[in-house]
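**Q** There's a structure below that I have some questions on.
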Amino acid sequence: MQGLHLTADLRGCRCVSQRLLDAAGLALACTDAVRAAGLQAVGQLFHTFPATAQGPGGVTATVLLAESHLCVHTWPEQSAVTLDVYVCNFGADHSARAQALMDALLALFDPAEVQRHALQRGAVGPATGAVR
């Protein structure tokens, strides 16, 4: 289960507003970015939320990867996006591919501000016992 988990909170996204609203367009952009990064999509789900008093509804996008997952949540009323990329490194180190995917998504949304985090997950060596 050892892998790399990347997250990013994007504010002030300068992309066209439709990018934050259009599930079909976001699906194409996400799967293209996954492929370009050298990762393998094995499933996907994209859901558009209804408008509220605060503005139009956003999109939740999930692409299941053979290596793990990509999740995107858009907040059009705030010109914001949250990103989550996790790759397990079973069989090969996919960390560079995860970084490439994150970079492609950052370019897609063109945020004015980005808060990024990276977390190395799981044991590198033999398991030493579970903590509960």
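If you're wondering about the labels, chains in the structure tokens are A, B, ... by order shown, residues count from 1 in each chain, ligands from 1 in order shown.
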Taking the DSSP assignment computed from this structure's backbone, write out as a ChimeraX atom specification all residues of chain A that belong to alpha helix (DSSP H).
**A** /A:23-36,95-109
**Q** What are the closest atom pairs, with distances in Å to one decimal, for all residues of range 11-85 of chain A lying within 12 Å of range 92-95 of chain A? Consider only C-alpha atoms, order rows by chain and residue number, and present the result as JSON lines.
**A**
{"residue": "A:Ala37", "atom": "CA", "partner": "A:His94", "partner_atom": "CA", "distance": 9.7}
{"residue": "A:Gly38", "atom": "CA", "partner": "A:His94", "partner_atom": "CA", "distance": 8.9}
{"residue": "A:Leu39", "atom": "CA", "partner": "A:His94", "partner_atom": "CA", "distance": 8.2}
{"residue": "A:Gln40", "atom": "CA", "partner": "A:His94", "partner_atom": "CA", "distance": 11.1}
{"residue": "A:Leu65", "atom": "CA", "partner": "A:His94", "partner_atom": "CA", "distance": 11.4}
{"residue": "A:Ala66", "atom": "CA", "partner": "A:His94", "partner_atom": "CA", "distance": 10.9}
{"residue": "A:Glu67", "atom": "CA", "partner": "A:His94", "partner_atom": "CA", "distance": 7.7}
{"residue": "A:Ser68", "atom": "CA", "partner": "A:His94", "partner_atom": "CA", "distance": 10.2}
{"residue": "A:Val85", "atom": "CA", "partner": "A:Ser95", "partner_atom": "CA", "distance": 10.2}
**Q** Take the residues from that selection and write them out as a PDB file, in the first residue's frame, keeping C-alpha atoms.
**A**
ATOM      1  CA  ALA A  37       0.627  11.205 -17.286  1.00  0.00           C
ATOM      2  CA  GLY A  38       1.064   7.522 -18.144  1.00  0.00           C
ATOM      3  CA  LEU A  39      -1.563   6.245 -15.712  1.00  0.00           C
ATOM      4  CA  GLN A  40      -4.388   3.818 -16.493  1.00  0.00           C
ATOM      5  CA  LEU A  65      -6.899   4.292 -11.673  1.00  0.00           C
ATOM      6  CA  ALA A  66      -5.222   0.915 -11.850  1.00  0.00           C
ATOM      7  CA  GLU A  67      -2.702   2.730  -9.639  1.00  0.00           C
ATOM      8  CA  SER A  68      -5.459   4.184  -7.314  1.00  0.00           C
ATOM      9  CA  VAL A  85      -4.371  12.238  -6.564  1.00  0.00           C
TER      10      VAL A  85
END
**Q** Within 8 Å of Arg121 in chain A, counting only C-alpha atoms, which residues qualify if same-chain residues fewer than 4 places away don't, as number ranges by chain?
**A** A: 1-5
**Q** Keeping C-alpha atoms, export the residues of the selection given above as a short mmCIF file (atom, residue, chain, number, x, y, z; two decimals), in the first residue's frame.
**A**
data_model
loop_
_atom_site.label_atom_id
_atom_site.label_comp_id
_atom_site.auth_asym_id
_atom_site.auth_seq_id
_atom_site.Cartn_x
_atom_site.Cartn_y
_atom_site.Cartn_z
CA MET A 1 0.00 0.00 0.00
CA GLN A 2 3.01 2.31 -0.08
CA GLY A 3 2.35 5.32 -2.29
CA LEU A 4 2.09 9.05 -2.78
CA HIS A 5 -1.03 11.06 -1.92
#
**Q** Could you please write out, as a list in words, every residue of range 6-73 of chain A that DSSP assigns to strand (DSSP E)?
**A**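 The residues of range 6-73 of chain A classed as strand (DSSP E) are Leu6, Thr7, Ala8, Asp9, Leu10, Arg11, Ala41, Val42, Gly43, Gln44, Leu45, Phe46, His47, Thr48, Val59, Thr60, Ala61, Thr62, Val63, Leu64, Leu65, Ser68, His69, Leu70, Cys71, Val72 and His73 of chain A.
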**Q** Find the spatial neighbours of Ala23 in chain A, counting only C-alpha atoms, within a cut-off of 6 Å - ignore same-chain residues fewer than 3 positions away - and output them as a list of chain:residue names.
**A**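 Here the qualifying residues turn out to be A:Leu26, A:Ala27, A:Phe46.
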**Q** Export, as a PDB file, in the first residue's frame, the selected residues with C-alpha atoms.
**A**
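The resulting file, part_36.pdb, is reproduced below:
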ATOM      1  CA  LEU A  26     -14.305  17.748 -17.112  1.00  0.00           C
ATOM      2  CA  ALA A  27     -14.502  13.993 -17.731  1.00  0.00           C
ATOM      3  CA  PHE A  46     -18.807  12.443 -12.833  1.00  0.00           C
TER       4      PHE A  46
END
**Q** Neighbouring residues of Asp22 in chain A were defined as those with any atom within 10 Å, considering only C-alpha atoms; residues of the same chain fewer than 5 positions away were excluded. Please report them as a PDB file with N, CA, C and O atoms, in the first residue's frame.
**A**
ATOM      1  N   SER A  17     -15.348  29.592 -17.030  1.00  0.00           N
ATOM      2  CA  SER A  17     -16.262  29.163 -15.967  1.00  0.00           C
ATOM      3  C   SER A  17     -16.920  27.818 -16.277  1.00  0.00           C
ATOM      4  O   SER A  17     -17.219  27.050 -15.367  1.00  0.00           O
ATOM      5  N   ALA A  27     -14.829  15.414 -17.558  1.00  0.00           N
ATOM      6  CA  ALA A  27     -14.502  13.993 -17.731  1.00  0.00           C
ATOM      7  C   ALA A  27     -13.447  13.819 -18.812  1.00  0.00           C
ATOM      8  O   ALA A  27     -12.456  13.103 -18.613  1.00  0.00           O
ATOM      9  N   PHE A  46     -18.759  10.987 -12.863  1.00  0.00           N
ATOM     10  CA  PHE A  46     -18.807  12.443 -12.833  1.00  0.00           C
ATOM     11  C   PHE A  46     -20.231  12.854 -12.499  1.00  0.00           C
ATOM     12  O   PHE A  46     -21.173  12.383 -13.145  1.00  0.00           O
ATOM     13  N   HIS A  47     -20.386  13.706 -11.491  1.00  0.00           N
ATOM     14  CA  HIS A  47     -21.709  14.097 -11.006  1.00  0.00           C
ATOM     15  C   HIS A  47     -21.795  15.615 -10.915  1.00  0.00           C
ATOM     16  O   HIS A  47     -20.922  16.250 -10.318  1.00  0.00           O
ATOM     17  N   THR A  48     -22.863  16.179 -11.501  1.00  0.00           N
ATOM     18  CA  THR A  48     -23.109  17.615 -11.408  1.00  0.00           C
ATOM     19  C   THR A  48     -24.143  17.865 -10.323  1.00  0.00           C
ATOM     20  O   THR A  48     -25.188  17.211 -10.288  1.00  0.00           O
ATOM     21  N   GLY A  57     -24.317  24.804  -9.483  1.00  0.00           N
ATOM     22  CA  GLY A  57     -23.735  23.641  -8.824  1.00  0.00           C
ATOM     23  C   GLY A  57     -22.418  23.242  -9.455  1.00  0.00           C
ATOM     24  O   GLY A  57     -22.178  23.462 -10.646  1.00  0.00           O
ATOM     25  N   GLY A  58     -21.575  22.662  -8.664  1.00  0.00           N
ATOM     26  CA  GLY A  58     -20.271  22.201  -9.132  1.00  0.00           C
ATOM     27  C   GLY A  58     -20.319  20.763  -9.586  1.00  0.00           C
ATOM     28  O   GLY A  58     -21.388  20.169  -9.748  1.00  0.00           O
ATOM     29  N   VAL A  59     -19.137  20.214  -9.793  1.00  0.00           N
ATOM     30  CA  VAL A  59     -18.987  18.845 -10.283  1.00  0.00           C
ATOM     31  C   VAL A  59     -18.061  18.083  -9.341  1.00  0.00           C
ATOM     32  O   VAL A  59     -17.055  18.620  -8.887  1.00  0.00           O
ATOM     33  N   THR A  74     -15.361  20.718  -7.898  1.00  0.00           N
ATOM     34  CA  THR A  74     -15.371  22.124  -8.304  1.00  0.00           C
ATOM     35  C   THR A  74     -16.386  22.901  -7.467  1.00  0.00           C
ATOM     36  O   THR A  74     -17.430  22.367  -7.082  1.00  0.00           O
TER      37      THR A  74
END
**Q** Can you tell me which residues surround range 78-80 of chain A at a distance of at most 7 Å, considering only C-alpha atoms, apart from same-chain residues fewer than 5 positions away, and format the answer as a PyMOL selection string?
**A** chain A and resi 10-13
**Q** Just how far from CA of Thr7 in chain A is CA of Ala41 in chain A, in Å to one decimal?
**A** 18.7 Å
**Q** May I ask for the distance between CA of Leu6 in chain A and CA of Leu119 in chain A, given in Å to one decimal place?
**A**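 Computing it gives 6.5 Å between the two atoms.
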**Q** At a cut-off of 12 Å, using only C-alpha atoms, what residues contact Val114 in chain A? Leave out same-chain residues fewer than 3 positions from it and give the result as number ranges by chain.
**A** A: 7-13, 80-83, 102-103, 105-107, 109-111, 117
**Q** Hey, which of A:Thr31, A:Gly122, A:Leu108, A:His73 ends up closest to Cys88 in chain A? Count only C-alpha atoms.
**A**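 Of all the options, A:Gly122 lies closest to Cys88 in chain A.
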**Q** How many Å lie between CA of Gln120 in chain A and CA of Leu101 in chain A, rounded to one decimal?
**A**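 Calculated distance between CA of Gln120 in chain A and CA of Leu101 in chain A is 16.6 Å.
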